[in-house]
$ cat query23.cif   # mmCIF, C-alpha atoms and all ligand atoms
data_start
#
loop_
_atom_site.label_atom_id
_atom_site.label_comp_id
_atom_site.auth_asym_id
_atom_site.auth_seq_id
_atom_site.Cartn_x
_atom_site.Cartn_y
_atom_site.Cartn_z
CA MET A 182 -65.74 30.66 -5.51
CA LYS A 183 -63.70 29.43 -2.57
CA LYS A 184 -60.85 27.23 -3.80
CA LYS A 185 -59.48 23.97 -2.45
CA ALA A 186 -55.87 22.89 -3.00
CA VAL A 187 -54.15 19.60 -2.25
CA VAL A 188 -50.45 19.97 -1.41
CA PHE A 189 -48.17 16.94 -1.62
CA GLY A 190 -45.03 17.67 0.39
CA ILE A 191 -46.70 20.16 2.76
CA THR A 192 -44.28 19.25 5.57
CA GLY A 193 -41.24 20.29 3.48
CA GLN A 194 -39.62 23.72 3.20
CA ASP A 195 -41.68 24.86 0.20
CA GLY A 196 -44.85 23.10 1.36
CA SER A 197 -44.89 25.13 4.56
CA TYR A 198 -44.52 28.47 2.74
CA LEU A 199 -47.05 27.49 0.07
CA ALA A 200 -49.56 26.48 2.75
CA GLU A 201 -49.14 29.93 4.36
CA LEU A 202 -49.68 31.64 1.02
CA LEU A 203 -52.79 29.60 0.13
CA LEU A 204 -54.36 30.02 3.58
CA ASP A 205 -53.70 33.76 3.30
CA LYS A 206 -55.65 33.69 0.03
CA ASN A 207 -58.53 31.99 1.80
CA TYR A 208 -58.09 28.55 0.22
CA ASP A 209 -59.07 25.35 1.94
CA VAL A 210 -55.77 23.48 2.05
CA VAL A 211 -55.42 19.71 2.23
CA GLY A 212 -51.87 18.71 3.09
CA VAL A 213 -50.68 15.19 2.37
CA THR A 214 -48.30 13.82 4.98
CA ARG A 215 -46.43 10.53 5.21
CA ARG A 216 -46.88 8.27 8.17
CA VAL A 217 -43.60 8.40 10.04
CA SER A 218 -42.65 7.11 13.48
CA THR A 219 -41.70 10.57 14.77
CA GLY A 220 -43.25 13.96 14.04
CA ASN A 221 -42.68 15.53 10.61
CA THR A 222 -45.01 18.53 10.96
CA GLY A 223 -42.59 20.95 12.67
CA ARG A 224 -42.53 23.38 9.73
CA ILE A 225 -46.33 23.74 9.71
CA ALA A 226 -46.89 23.61 13.49
CA HIS A 227 -47.85 27.30 13.47
CA LEU A 228 -50.66 26.61 10.96
CA MET A 229 -52.23 23.60 12.68
CA ASP A 230 -54.97 25.57 14.42
CA CYS A 231 -56.28 27.00 11.17
CA PRO A 232 -59.69 25.40 10.47
CA ARG A 233 -59.08 25.66 6.71
CA LEU A 234 -56.06 23.37 6.90
CA SER A 235 -56.59 19.60 6.99
CA LEU A 236 -53.90 16.97 6.94
CA VAL A 237 -54.41 13.58 5.37
CA GLU A 238 -52.03 10.64 5.26
CA GLY A 239 -50.78 9.44 1.90
CA ASP A 240 -47.65 8.53 -0.02
CA LEU A 241 -46.63 9.50 -3.52
CA THR A 242 -45.62 5.92 -4.30
CA ASP A 243 -49.09 4.65 -3.38
CA TYR A 244 -51.51 5.25 -6.27
CA SER A 245 -54.49 4.20 -4.18
CA SER A 246 -53.86 6.82 -1.50
CA ILE A 247 -53.58 9.55 -4.15
CA LEU A 248 -56.80 8.37 -5.80
CA ARG A 249 -58.66 8.35 -2.49
CA ILE A 250 -57.48 11.88 -1.63
CA ILE A 251 -58.35 13.39 -5.01
CA GLU A 252 -61.76 11.69 -5.12
CA GLU A 253 -62.60 12.72 -1.58
CA TYR A 254 -61.49 16.37 -1.77
CA GLN A 255 -62.09 17.22 -5.48
CA PRO A 256 -59.53 20.07 -5.41
CA GLN A 257 -59.31 22.86 -8.00
CA GLU A 258 -55.52 22.82 -7.65
CA VAL A 259 -52.92 20.17 -6.85
CA TYR A 260 -49.30 21.06 -6.03
CA ASN A 261 -46.75 18.26 -6.19
CA LEU A 262 -43.85 19.36 -3.98
CA ALA A 263 -43.14 15.89 -2.62
CA ALA A 264 -39.81 14.30 -3.50
CA MET A 265 -36.69 12.63 -2.21
CA SER A 266 -35.06 16.01 -2.73
CA HIS A 267 -31.43 15.50 -1.65
CA VAL A 268 -29.18 15.14 -4.71
CA GLY A 269 -26.30 13.51 -2.81
CA THR A 270 -28.62 10.89 -1.28
CA SER A 271 -30.03 10.03 -4.70
CA PHE A 272 -26.66 8.49 -5.63
CA ASP A 273 -27.04 6.08 -2.68
CA GLN A 274 -30.79 5.50 -3.12
CA PRO A 275 -31.36 5.79 -6.87
CA LEU A 276 -34.32 3.43 -7.07
CA LEU A 277 -36.23 5.02 -4.24
CA SER A 278 -35.45 8.42 -5.75
CA PHE A 279 -36.94 7.34 -9.05
CA ASP A 280 -40.01 5.76 -7.44
CA VAL A 281 -40.83 8.84 -5.39
CA THR A 282 -39.53 11.75 -7.44
CA GLY A 283 -40.20 10.34 -10.92
CA LYS A 284 -42.98 7.77 -10.81
CA GLY A 285 -44.75 9.53 -7.91
CA CYS A 286 -45.56 12.44 -10.23
CA LEU A 287 -46.90 10.02 -12.85
CA ASN A 288 -49.18 8.50 -10.20
CA ILE A 289 -50.77 11.92 -9.61
CA LEU A 290 -51.04 12.65 -13.34
CA GLU A 291 -52.79 9.33 -13.95
CA VAL A 292 -55.28 9.99 -11.15
CA LEU A 293 -56.01 13.46 -12.53
CA ARG A 294 -56.36 12.22 -16.12
CA GLU A 295 -58.81 9.51 -15.16
CA HIS A 296 -60.70 11.05 -12.27
CA SER A 297 -60.26 14.83 -12.11
CA PRO A 298 -59.27 16.29 -15.51
CA PHE A 299 -60.28 19.86 -14.61
CA THR A 300 -57.95 20.06 -11.61
CA ARG A 301 -54.96 22.34 -12.23
CA PHE A 302 -51.59 20.72 -11.49
CA TYR A 303 -48.21 22.14 -10.47
CA GLN A 304 -45.07 20.00 -10.75
CA ALA A 305 -41.91 20.98 -8.85
CA SER A 306 -39.29 20.65 -11.59
CA SER A 307 -35.70 21.56 -10.85
CA SER A 308 -32.69 23.36 -12.29
CA GLU A 309 -30.80 20.12 -11.53
CA MET A 310 -32.35 18.79 -14.75
CA PHE A 311 -29.99 21.07 -16.72
CA GLY A 312 -27.00 19.30 -15.24
CA ASP A 313 -23.88 20.52 -17.02
CA ALA A 314 -25.76 22.17 -19.91
CA LEU A 315 -26.08 25.89 -20.43
CA THR A 316 -26.90 28.50 -23.03
CA GLN A 317 -24.15 30.93 -23.98
CA ARG A 318 -25.07 34.33 -25.40
CA GLY A 319 -22.23 36.79 -25.80
CA GLY A 320 -20.35 36.71 -22.51
CA ASP A 321 -23.40 35.50 -20.57
CA LYS A 322 -23.93 31.89 -19.54
CA PHE A 323 -27.32 30.88 -18.19
CA GLN A 324 -30.18 28.36 -18.35
CA ASP A 325 -33.71 29.13 -19.53
CA GLU A 326 -36.77 27.23 -20.82
CA ASN A 327 -34.95 26.48 -24.11
CA THR A 328 -31.72 25.14 -22.62
CA LEU A 329 -30.98 21.46 -23.19
CA PHE A 330 -31.34 19.04 -20.26
CA ARG A 331 -28.27 16.94 -19.34
CA PRO A 332 -29.06 15.59 -15.85
CA GLN A 333 -26.08 14.58 -13.69
CA SER A 334 -27.70 12.65 -10.83
CA PRO A 335 -30.38 10.01 -10.23
CA TYR A 336 -32.45 12.79 -8.62
CA ALA A 337 -32.23 14.92 -11.76
CA ILE A 338 -33.10 12.00 -14.02
CA ALA A 339 -36.20 11.30 -11.92
CA LYS A 340 -37.17 14.99 -12.00
CA LEU A 341 -36.70 15.07 -15.76
CA ALA A 342 -38.96 12.02 -16.18
CA ALA A 343 -41.62 13.79 -14.11
CA HIS A 344 -41.09 17.01 -16.08
CA HIS A 345 -41.60 15.30 -19.42
CA ALA A 346 -44.56 13.30 -18.12
CA THR A 347 -46.23 16.56 -17.04
CA ARG A 348 -45.61 18.14 -20.44
CA LEU A 349 -46.89 15.03 -22.20
CA TYR A 350 -50.11 14.89 -20.14
CA ARG A 351 -50.67 18.59 -20.83
CA GLN A 352 -50.27 18.06 -24.58
CA SER A 353 -51.97 14.70 -24.91
CA TYR A 354 -54.86 14.97 -22.45
CA ASN A 355 -55.32 18.71 -22.24
CA LEU A 356 -54.58 18.80 -18.50
CA HIS A 357 -53.86 22.21 -16.98
CA ALA A 358 -50.42 21.03 -15.85
CA SER A 359 -47.48 23.41 -15.37
CA CYS A 360 -43.88 22.91 -14.30
CA GLY A 361 -41.84 25.43 -12.37
CA ILE A 362 -38.17 24.86 -13.16
CA LEU A 363 -37.00 26.23 -9.86
CA PHE A 364 -33.39 27.05 -9.17
CA ASN A 365 -32.02 26.51 -5.65
CA HIS A 366 -34.09 28.25 -3.04
CA GLU A 367 -33.31 28.29 0.62
CA SER A 368 -34.76 29.74 3.79
CA GLU A 369 -34.78 29.69 7.55
CA ARG A 370 -36.70 26.38 7.16
CA ARG A 371 -34.23 24.67 4.81
CA GLY A 372 -33.35 21.05 5.63
CA GLY A 373 -30.10 20.70 7.61
CA ARG A 374 -28.22 18.61 5.02
CA PHE A 375 -28.35 21.15 2.17
CA VAL A 376 -25.15 23.13 1.92
CA THR A 377 -26.55 26.57 2.80
CA LYS A 378 -28.24 25.39 5.99
CA LYS A 379 -25.26 23.27 6.92
CA ILE A 380 -23.13 26.43 6.70
CA THR A 381 -25.49 28.80 8.52
CA LYS A 382 -26.14 26.32 11.34
CA TYR A 383 -22.40 25.92 11.76
CA ILE A 384 -21.88 29.72 11.77
CA ALA A 385 -24.47 30.02 14.55
CA GLN A 386 -22.65 27.33 16.52
CA LEU A 387 -19.31 29.09 16.02
CA TYR A 388 -20.76 32.46 16.97
CA THR A 389 -22.13 31.15 20.27
CA HIS A 390 -18.84 29.32 20.91
CA PHE A 391 -16.92 32.61 20.74
CA GLU A 392 -19.65 34.51 22.55
CA LYS A 393 -19.28 32.18 25.49
CA GLY A 394 -15.53 32.88 25.58
CA GLY A 395 -14.40 29.81 23.61
CA ASP A 396 -11.04 30.13 21.80
CA GLN A 397 -10.02 29.29 18.24
CA GLU A 398 -8.34 26.03 19.18
CA SER A 399 -11.46 24.52 20.69
CA ALA A 400 -13.76 25.90 17.96
CA PRO A 401 -15.82 23.32 16.03
CA LEU A 402 -14.85 22.59 12.41
CA LEU A 403 -17.06 22.51 9.32
CA TYR A 404 -16.64 19.62 6.85
CA LEU A 405 -17.77 20.30 3.28
CA GLY A 406 -17.40 18.88 -0.23
CA ASN A 407 -16.98 20.85 -3.47
CA LEU A 408 -16.69 24.58 -2.82
CA ASP A 409 -16.41 25.56 -6.49
CA ALA A 410 -19.93 24.62 -7.61
CA LYS A 411 -21.99 27.67 -8.52
CA ARG A 412 -25.67 28.03 -7.73
CA ASP A 413 -28.43 30.56 -8.29
CA TRP A 414 -29.84 30.90 -4.75
CA GLY A 415 -33.15 32.60 -3.93
CA HIS A 416 -35.58 32.58 -1.00
CA ALA A 417 -38.35 29.94 -0.87
CA GLU A 418 -41.01 32.49 0.11
CA ASP A 419 -40.53 34.24 -3.25
CA TYR A 420 -40.57 30.95 -5.14
CA VAL A 421 -43.88 29.59 -3.81
CA ARG A 422 -45.53 32.79 -5.05
CA ALA A 423 -44.43 31.81 -8.56
CA MET A 424 -45.98 28.35 -8.16
CA TRP A 425 -49.36 29.86 -7.34
CA LEU A 426 -49.13 32.41 -10.18
CA MET A 427 -48.54 29.61 -12.71
CA LEU A 428 -51.82 27.93 -11.80
CA GLN A 429 -53.75 31.21 -12.13
CA GLU A 430 -52.77 31.54 -15.81
CA ASP A 431 -55.38 30.48 -18.41
CA LYS A 432 -52.74 28.51 -20.25
CA PRO A 433 -50.51 25.93 -18.54
CA ASP A 434 -46.80 26.19 -19.33
CA ASP A 435 -43.26 25.72 -17.98
CA TYR A 436 -41.30 28.55 -16.34
CA VAL A 437 -37.77 29.07 -15.04
CA ILE A 438 -37.82 30.63 -11.57
CA ALA A 439 -34.48 32.05 -10.42
CA THR A 440 -32.71 35.24 -9.34
CA GLY A 441 -30.43 35.60 -12.38
CA GLU A 442 -27.33 35.70 -10.13
CA THR A 443 -24.83 32.94 -9.51
CA HIS A 444 -22.52 32.44 -6.52
CA SER A 445 -20.15 29.64 -5.61
CA VAL A 446 -20.47 27.58 -2.43
CA ARG A 447 -17.27 29.37 -1.39
CA ASP A 448 -19.04 32.75 -1.85
CA PHE A 449 -21.87 31.56 0.38
CA LEU A 450 -19.34 30.39 2.94
CA LYS A 451 -17.44 33.70 2.90
CA ALA A 452 -20.63 35.76 3.14
CA SER A 453 -21.82 33.66 6.09
CA PHE A 454 -18.53 34.06 7.98
CA GLU A 455 -18.61 37.79 7.30
CA THR A 456 -21.98 38.11 9.10
CA ILE A 457 -20.16 37.20 12.33
CA GLY A 458 -17.10 39.33 11.56
CA ILE A 459 -14.70 36.60 10.36
CA ASP A 460 -12.88 37.38 7.08
CA ASP A 461 -10.84 34.20 6.72
CA TYR A 462 -12.91 31.02 6.81
CA THR A 463 -10.04 28.65 5.99
CA THR A 464 -9.04 28.00 9.62
CA PHE A 465 -12.48 26.56 10.33
CA VAL A 466 -13.34 24.62 7.17
CA ARG A 467 -12.08 21.22 5.96
CA GLN A 468 -12.78 19.50 2.68
CA ASP A 469 -14.20 16.03 3.18
CA PRO A 470 -14.49 13.44 0.38
CA ARG A 471 -17.69 12.11 2.01
CA PHE A 472 -19.48 15.20 0.73
CA MET A 473 -18.15 15.06 -2.85
CA ARG A 474 -20.58 13.65 -5.44
CA PRO A 475 -19.76 11.06 -8.14
CA SER A 476 -20.96 13.64 -10.66
CA GLU A 477 -21.47 17.36 -10.12
CA VAL A 478 -23.52 20.21 -11.56
CA PRO A 479 -20.87 22.92 -11.90
CA TYR A 480 -22.80 26.06 -12.82
CA LEU A 481 -26.40 27.22 -12.51
CA LYS A 482 -27.72 30.67 -13.33
CA GLY A 483 -31.37 31.05 -14.32
CA ASN A 484 -32.85 33.47 -16.81
CA TYR A 485 -36.35 34.14 -15.49
CA SER A 486 -37.45 36.63 -18.21
CA LYS A 487 -40.45 34.52 -19.21
CA ALA A 488 -41.81 34.41 -15.64
CA LYS A 489 -41.20 38.15 -15.32
CA VAL A 490 -43.12 38.98 -18.51
CA VAL A 491 -45.96 36.44 -18.32
CA LEU A 492 -46.48 36.04 -14.56
CA GLY A 493 -45.22 39.45 -13.45
CA TRP A 494 -42.92 37.58 -11.03
CA ASN A 495 -39.69 38.95 -9.58
CA PRO A 496 -37.53 37.70 -6.71
CA GLN A 497 -37.54 40.05 -3.69
CA VAL A 498 -34.85 38.61 -1.40
CA SER A 499 -31.22 39.34 -2.33
CA PHE A 500 -28.29 36.95 -1.85
CA SER A 501 -26.90 38.90 1.12
CA ASP A 502 -30.34 39.15 2.77
CA LEU A 503 -30.80 35.42 2.32
CA VAL A 504 -27.49 34.69 4.03
CA SER A 505 -28.09 37.05 6.93
CA ARG A 506 -31.69 35.91 7.46
CA MET A 507 -30.55 32.28 7.68
CA VAL A 508 -27.63 33.04 10.02
CA ASP A 509 -29.76 35.28 12.30
CA TYR A 510 -32.44 32.61 12.49
CA ASP A 511 -29.98 29.86 13.39
CA ILE A 512 -28.36 31.98 16.10
CA LYS A 513 -31.82 32.71 17.53
CA GLN A 514 -32.66 29.00 17.48
CA ILE A 515 -29.57 28.12 19.54
CA LYS A 516 -30.33 30.88 22.05
CA GLU A 517 -33.95 29.79 22.39
CA ARG A 518 -32.91 26.19 22.94
CA GLU A 519 -30.44 27.30 25.61
CA THR A 520 -33.10 29.40 27.36
CA VAL A 521 -35.55 26.49 27.40
CA GLY A 522 -32.84 24.01 28.43
P1 LIG B 601 -38.10 19.12 1.10
O1 LIG B 601 -38.00 20.14 2.20
O2 LIG B 601 -37.14 18.00 1.08
O3 LIG B 601 -39.59 18.53 1.17
C1 LIG B 601 -39.94 17.36 0.49
C2 LIG B 601 -41.34 16.96 0.89
O4 LIG B 601 -41.66 15.73 0.21
C3 LIG B 601 -41.51 16.68 2.40
O5 LIG B 601 -42.77 17.13 2.80
C4 LIG B 601 -41.46 15.15 2.44
O6 LIG B 601 -42.13 14.60 3.56
C5 LIG B 601 -42.22 14.83 1.16
N1 LIG B 601 -42.05 13.44 0.71
C6 LIG B 601 -40.90 12.77 0.52
N2 LIG B 601 -41.16 11.53 0.09
C7 LIG B 601 -42.51 11.41 0.01
C8 LIG B 601 -43.39 10.36 -0.35
N3 LIG B 601 -42.94 9.16 -0.73
N4 LIG B 601 -44.72 10.60 -0.34
C9 LIG B 601 -45.20 11.79 0.06
N5 LIG B 601 -44.43 12.82 0.44
C10 LIG B 601 -43.09 12.63 0.41
O7 LIG B 601 -38.04 19.83 -0.32
P2 LIG B 601 -38.27 21.37 -0.71
O8 LIG B 601 -36.98 22.07 -0.66
O9 LIG B 601 -39.44 21.90 0.03
O10 LIG B 601 -38.63 21.23 -2.24
C11 LIG B 601 -39.97 21.05 -2.68
C12 LIG B 601 -39.98 20.40 -4.04
O11 LIG B 601 -39.29 21.21 -4.97
C13 LIG B 601 -39.27 19.05 -4.10
O12 LIG B 601 -39.95 18.26 -5.05
C14 LIG B 601 -37.89 19.38 -4.59
O13 LIG B 601 -37.31 18.26 -5.22
C15 LIG B 601 -38.20 20.50 -5.55
N6 LIG B 601 -37.16 21.49 -5.76
C16 LIG B 601 -36.56 22.08 -4.69
C17 LIG B 601 -35.62 23.07 -4.91
C18 LIG B 601 -34.94 23.77 -3.76
O14 LIG B 601 -33.90 24.39 -3.98
N7 LIG B 601 -35.49 23.74 -2.55
C19 LIG B 601 -35.32 23.47 -6.22
C20 LIG B 601 -35.98 22.87 -7.28
C21 LIG B 601 -36.92 21.89 -7.03
P3 LIG B 601 -41.38 14.42 5.00
O15 LIG B 601 -41.45 15.79 5.64
O16 LIG B 601 -42.20 13.41 5.67
O17 LIG B 601 -39.97 14.01 4.70
O1 LIG B 602 -25.71 21.36 -2.84
C1 LIG B 602 -22.08 21.39 -2.87
C2 LIG B 602 -22.80 20.32 -3.64
O2 LIG B 602 -27.21 19.84 -1.57
C3 LIG B 602 -25.31 22.56 -3.46
C4 LIG B 602 -31.98 20.64 -3.85
O3 LIG B 602 -32.94 21.48 -3.27
O4 LIG B 602 -31.23 22.37 -5.34
C5 LIG B 602 -30.81 21.48 -4.33
O5 LIG B 602 -29.81 20.60 -4.83
C6 LIG B 602 -23.87 22.46 -3.90
C7 LIG B 602 -23.54 21.17 -4.66
O6 LIG B 602 -28.14 21.50 -3.26
C8 LIG B 602 -21.53 20.16 0.49
O7 LIG B 602 -21.89 19.39 -4.21
C9 LIG B 602 -20.38 21.17 -1.04
O8 LIG B 602 -22.70 21.49 -5.72
O9 LIG B 602 -27.30 22.32 -1.13
P1 LIG B 602 -27.11 21.22 -2.08
P2 LIG B 602 -28.25 20.94 -4.74
O10 LIG B 602 -27.52 19.68 -4.92
O11 LIG B 602 -27.92 22.06 -5.66
C10 LIG B 602 -31.81 21.74 -6.51
C11 LIG B 602 -32.24 22.83 -7.45
C12 LIG B 602 -32.87 20.76 -6.17
O12 LIG B 602 -33.80 20.55 -6.95
C13 LIG B 602 -32.61 19.88 -5.01
O13 LIG B 602 -33.83 19.29 -4.53
O14 LIG B 602 -23.06 22.42 -2.74
N1 LIG B 602 -21.63 20.99 -1.53
N2 LIG B 602 -20.29 20.66 0.20
C14 LIG B 602 -22.37 20.38 -0.61
N3 LIG B 602 -23.67 20.00 -0.60
C15 LIG B 602 -24.15 19.41 0.51
N4 LIG B 602 -25.46 19.04 0.56
N5 LIG B 602 -23.34 19.16 1.61
C16 LIG B 602 -22.02 19.52 1.65
O15 LIG B 602 -21.34 19.29 2.63
#
$ encode --input "query23.cif" --output "structure tokens" --more "lines below"
Ligand code: NAP
Ligand code: F7E
Amino acid sequence: MKKKAVVFGITGQDGSYLAELLLDKNYDVVGVTRRVSTGNTGRIAHLMDCPRLSLVEGDLTDYSSILRIIEEYQPQEVYNLAAMSHVGTSFDQPLLSFDVTGKGCLNILEVLREHSPFTRFYQASSSEMFGDALTQRGGDKFQDENTLFRPQSPYAIAKLAAHHATRLYRQSYNLHASCGILFNHESERRGGRFVTKKITKYIAQLYTHFEKGGDQESAPLLYLGNLDAKRDWGHAEDYVRAMWLMLQEDKPDDYVIATGETHSVRDFLKASFETIGIDDYTTFVRQDPRFMRPSEVPYLKGNYSKAKVVLGWNPQVSFSDLVSRMVDYDIKQIKERETVG
């Protein structure tokens, strides 16, 4: 039977890759978009001509719009990727973060419980929920499905509320509801205010500066916050595959999705500079208190053994490939803009 999926957050990084994957698998895809005053569909522009993709306006904070969409489309699968997803911003907008990222998920769960109990549901949980907690085994430090949660930001608290709500609705109402506890995943389409994209966009700018004959003195500078935080960075294309696999399982469950490797922000910075042949980044980078957070998550490294065994999932894109793909893309973007301009 042909399947229909509703994707909340289709205009985001993951939403765009998930839409590609579902359309490739011959799904009818209904993407929920917010009404905004300027365009927000850039990441899915290349999919717009596909007759199996429809876009519908709705907002996660508006129960009635969710109800209308689910009743109208009667999907087999719902993916909730919508969120106020920037951790730093959640310290400045904690209430909005909770309304969208926490309560928004509950709005969907309530609609499904009351009106569409056979629809399978995916919730985008996050490694941020672990905060400063980890599991230590021998010399290894990591997080897995059994690690304690100690969230360190309003974003993470909202995600944890949504995570527990999803588990509770699964247990209490027998919903097929699964959570992917996804560690950081980046891509060519990553939003410009996340650290990886901020770095690779800057590297592209620096590269073109030197290519045009600019000297070191007039080179732009990069302002960053904490360089010591460690993250487990994968590629979004790999991670959306895991989302889909979870909903194909007979039994709903929660899974850690990660690469099993950790690198500091400094490592990412160094690797990015190395792609353009610069070994010492320090001349070009300044630490700026504006980008430090009131509370930080110091170390994330995911153990994805459960996803490997149960879902047969493995990440395909390595750390160095991720860095070079992002840098190459950003350089190409600048060149294309210059050609058009
Ligand atoms: P993203 O690029 O920031 O996309 C977020 C999406 O949510 C966008 O489509 C955005 O719409 C939409 N949205 C925001 N507020 C909304 C609202 N009130 N109603 C409806 N839609 C709303 O995030 P991402 O990186 O793709 O991440 C996808 C999901 O996974 C998010 O829930 C994120 O928190 C979670 N997550 C991400 C990572 C990661 O490393 N990327 C890791 C773990 C979990 P606009 O385009 O209109 O802004
Ligand atoms: O920060 C440090 C910052 O904003 C990574 C989201 O997708 O992944 C993401 O959250 C690290 C942090 O991602 C800057 O303090 C230093 O330690 O790229 P980020 P995040 O906070 O890890 C999780 C799993 C999600 O669920 C989230 O939705 O980098 N850092 N200097 C900086 N971060 C930013 N943004 N900007 C800086 O200038």
$ closest_residue --input "query23.cif" --among "A:Ala186, A:Leu341, A:Val504, A:Met473" --to "ligand LIG 601 (chain B)" --atoms "all atoms listed in the file"
A:Leu341
$ closest_residue --input "query23.cif" --among "A:Thr214, A:Ser368, A:Thr222, A:Thr389" --to "ligand LIG 602 (chain B)" --atoms "all atoms listed in the file"
A:Ser368
$ residues_near_ligand --input "query23.cif" --ligand "ligand LIG 602 (chain B)" --cutoff "9 Å" --atoms "all atoms listed in the file" --output "number ranges by chain"
A: 264-270, 305-310, 336-337, 340, 362-367, 371-380, 403-414, 445-447, 468-469, 471-474, 476-481
$ write_last_selection --input "query23.cif" --atoms "C-alpha atoms" --output "mmCIF file, in the frame of the given file"
data_model
loop_
_atom_site.group_PDB
_atom_site.id
_atom_site.type_symbol
_atom_site.label_atom_id
_atom_site.label_comp_id
_atom_site.auth_asym_id
_atom_site.auth_seq_id
_atom_site.Cartn_x
_atom_site.Cartn_y
_atom_site.Cartn_z
ATOM 1 C CA ALA A 264 -39.810 14.300 -3.500
ATOM 2 C CA MET A 265 -36.690 12.630 -2.210
ATOM 3 C CA SER A 266 -35.060 16.010 -2.730
ATOM 4 C CA HIS A 267 -31.430 15.500 -1.650
ATOM 5 C CA VAL A 268 -29.180 15.140 -4.710
ATOM 6 C CA GLY A 269 -26.300 13.510 -2.810
ATOM 7 C CA THR A 270 -28.620 10.890 -1.280
ATOM 8 C CA ALA A 305 -41.910 20.980 -8.850
ATOM 9 C CA SER A 306 -39.290 20.650 -11.590
ATOM 10 C CA SER A 307 -35.700 21.560 -10.850
ATOM 11 C CA SER A 308 -32.690 23.360 -12.290
ATOM 12 C CA GLU A 309 -30.800 20.120 -11.530
ATOM 13 C CA MET A 310 -32.350 18.790 -14.750
ATOM 14 C CA TYR A 336 -32.450 12.790 -8.620
ATOM 15 C CA ALA A 337 -32.230 14.920 -11.760
ATOM 16 C CA LYS A 340 -37.170 14.990 -12.000
ATOM 17 C CA ILE A 362 -38.170 24.860 -13.160
ATOM 18 C CA LEU A 363 -37.000 26.230 -9.860
ATOM 19 C CA PHE A 364 -33.390 27.050 -9.170
ATOM 20 C CA ASN A 365 -32.020 26.510 -5.650
ATOM 21 C CA HIS A 366 -34.090 28.250 -3.040
ATOM 22 C CA GLU A 367 -33.310 28.290 0.620
ATOM 23 C CA ARG A 371 -34.230 24.670 4.810
ATOM 24 C CA GLY A 372 -33.350 21.050 5.630
ATOM 25 C CA GLY A 373 -30.100 20.700 7.610
ATOM 26 C CA ARG A 374 -28.220 18.610 5.020
ATOM 27 C CA PHE A 375 -28.350 21.150 2.170
ATOM 28 C CA VAL A 376 -25.150 23.130 1.920
ATOM 29 C CA THR A 377 -26.550 26.570 2.800
ATOM 30 C CA LYS A 378 -28.240 25.390 5.990
ATOM 31 C CA LYS A 379 -25.260 23.270 6.920
ATOM 32 C CA ILE A 380 -23.130 26.430 6.700
ATOM 33 C CA LEU A 403 -17.060 22.510 9.320
ATOM 34 C CA TYR A 404 -16.640 19.620 6.850
ATOM 35 C CA LEU A 405 -17.770 20.300 3.280
ATOM 36 C CA GLY A 406 -17.400 18.880 -0.230
ATOM 37 C CA ASN A 407 -16.980 20.850 -3.470
ATOM 38 C CA LEU A 408 -16.690 24.580 -2.820
ATOM 39 C CA ASP A 409 -16.410 25.560 -6.490
ATOM 40 C CA ALA A 410 -19.930 24.620 -7.610
ATOM 41 C CA LYS A 411 -21.990 27.670 -8.520
ATOM 42 C CA ARG A 412 -25.670 28.030 -7.730
ATOM 43 C CA ASP A 413 -28.430 30.560 -8.290
ATOM 44 C CA TRP A 414 -29.840 30.900 -4.750
ATOM 45 C CA SER A 445 -20.150 29.640 -5.610
ATOM 46 C CA VAL A 446 -20.470 27.580 -2.430
ATOM 47 C CA ARG A 447 -17.270 29.370 -1.390
ATOM 48 C CA GLN A 468 -12.780 19.500 2.680
ATOM 49 C CA ASP A 469 -14.200 16.030 3.180
ATOM 50 C CA ARG A 471 -17.690 12.110 2.010
ATOM 51 C CA PHE A 472 -19.480 15.200 0.730
ATOM 52 C CA MET A 473 -18.150 15.060 -2.850
ATOM 53 C CA ARG A 474 -20.580 13.650 -5.440
ATOM 54 C CA SER A 476 -20.960 13.640 -10.660
ATOM 55 C CA GLU A 477 -21.470 17.360 -10.120
ATOM 56 C CA VAL A 478 -23.520 20.210 -11.560
ATOM 57 C CA PRO A 479 -20.870 22.920 -11.900
ATOM 58 C CA TYR A 480 -22.800 26.060 -12.820
ATOM 59 C CA LEU A 481 -26.400 27.220 -12.510
#
$ closest_residue --input "query23.cif" --among "A:Cys231, A:Ala423, A:Val213, A:Ala385" --to "Asp511 in chain A" --atoms "all atoms listed in the file"
A:Ala385
$ atom_distance --input "query23.cif" --atom1 "CA of Ala452 in chain A" --atom2 "CA of Gln514 in chain A"
19.9 Å
$ closest_residue --input "query23.cif" --among "A:Gly283, A:Gly441, A:Gly193, A:Pro298" --to "ligand LIG 601 (chain B)" --atoms "only C-alpha atoms and all ligand atoms"
A:Gly193
$ atom_distance --input "query23.cif" --atom1 "CA of Val187 in chain A" --atom2 "CA of Ala226 in chain A"
17.8 Å
$ atom_distance --input "query23.cif" --atom1 "CA of Ser235 in chain A" --atom2 "CA of Gly212 in chain A"
6.2 Å
$ closest_residue --input "query23.cif" --among "A:Trp494, A:Lys482, A:Glu398, A:Val508" --to "Phe454 in chain A" --atoms "all atoms listed in the file"
A:Val508
$ closest_residue --input "query23.cif" --among "A:Asp448, A:Asp461, A:Asp396, A:Asp280" --to "ligand LIG 601 (chain B)" --atoms "all atoms listed in the file"
A:Asp280
$ residues_around --input "query23.cif" --residues "Gln317 in chain A" --least-positions-apart "2" --cutoff "12 Å" --atoms "all atoms listed in the file" --output "list in words"
Ala314, Leu315, Gly319, Gly320, Asp321, Lys322, Phe323, Gln324, Asp325, Asn327, Thr328, Leu329, Lys482 and Asn484 of chain A
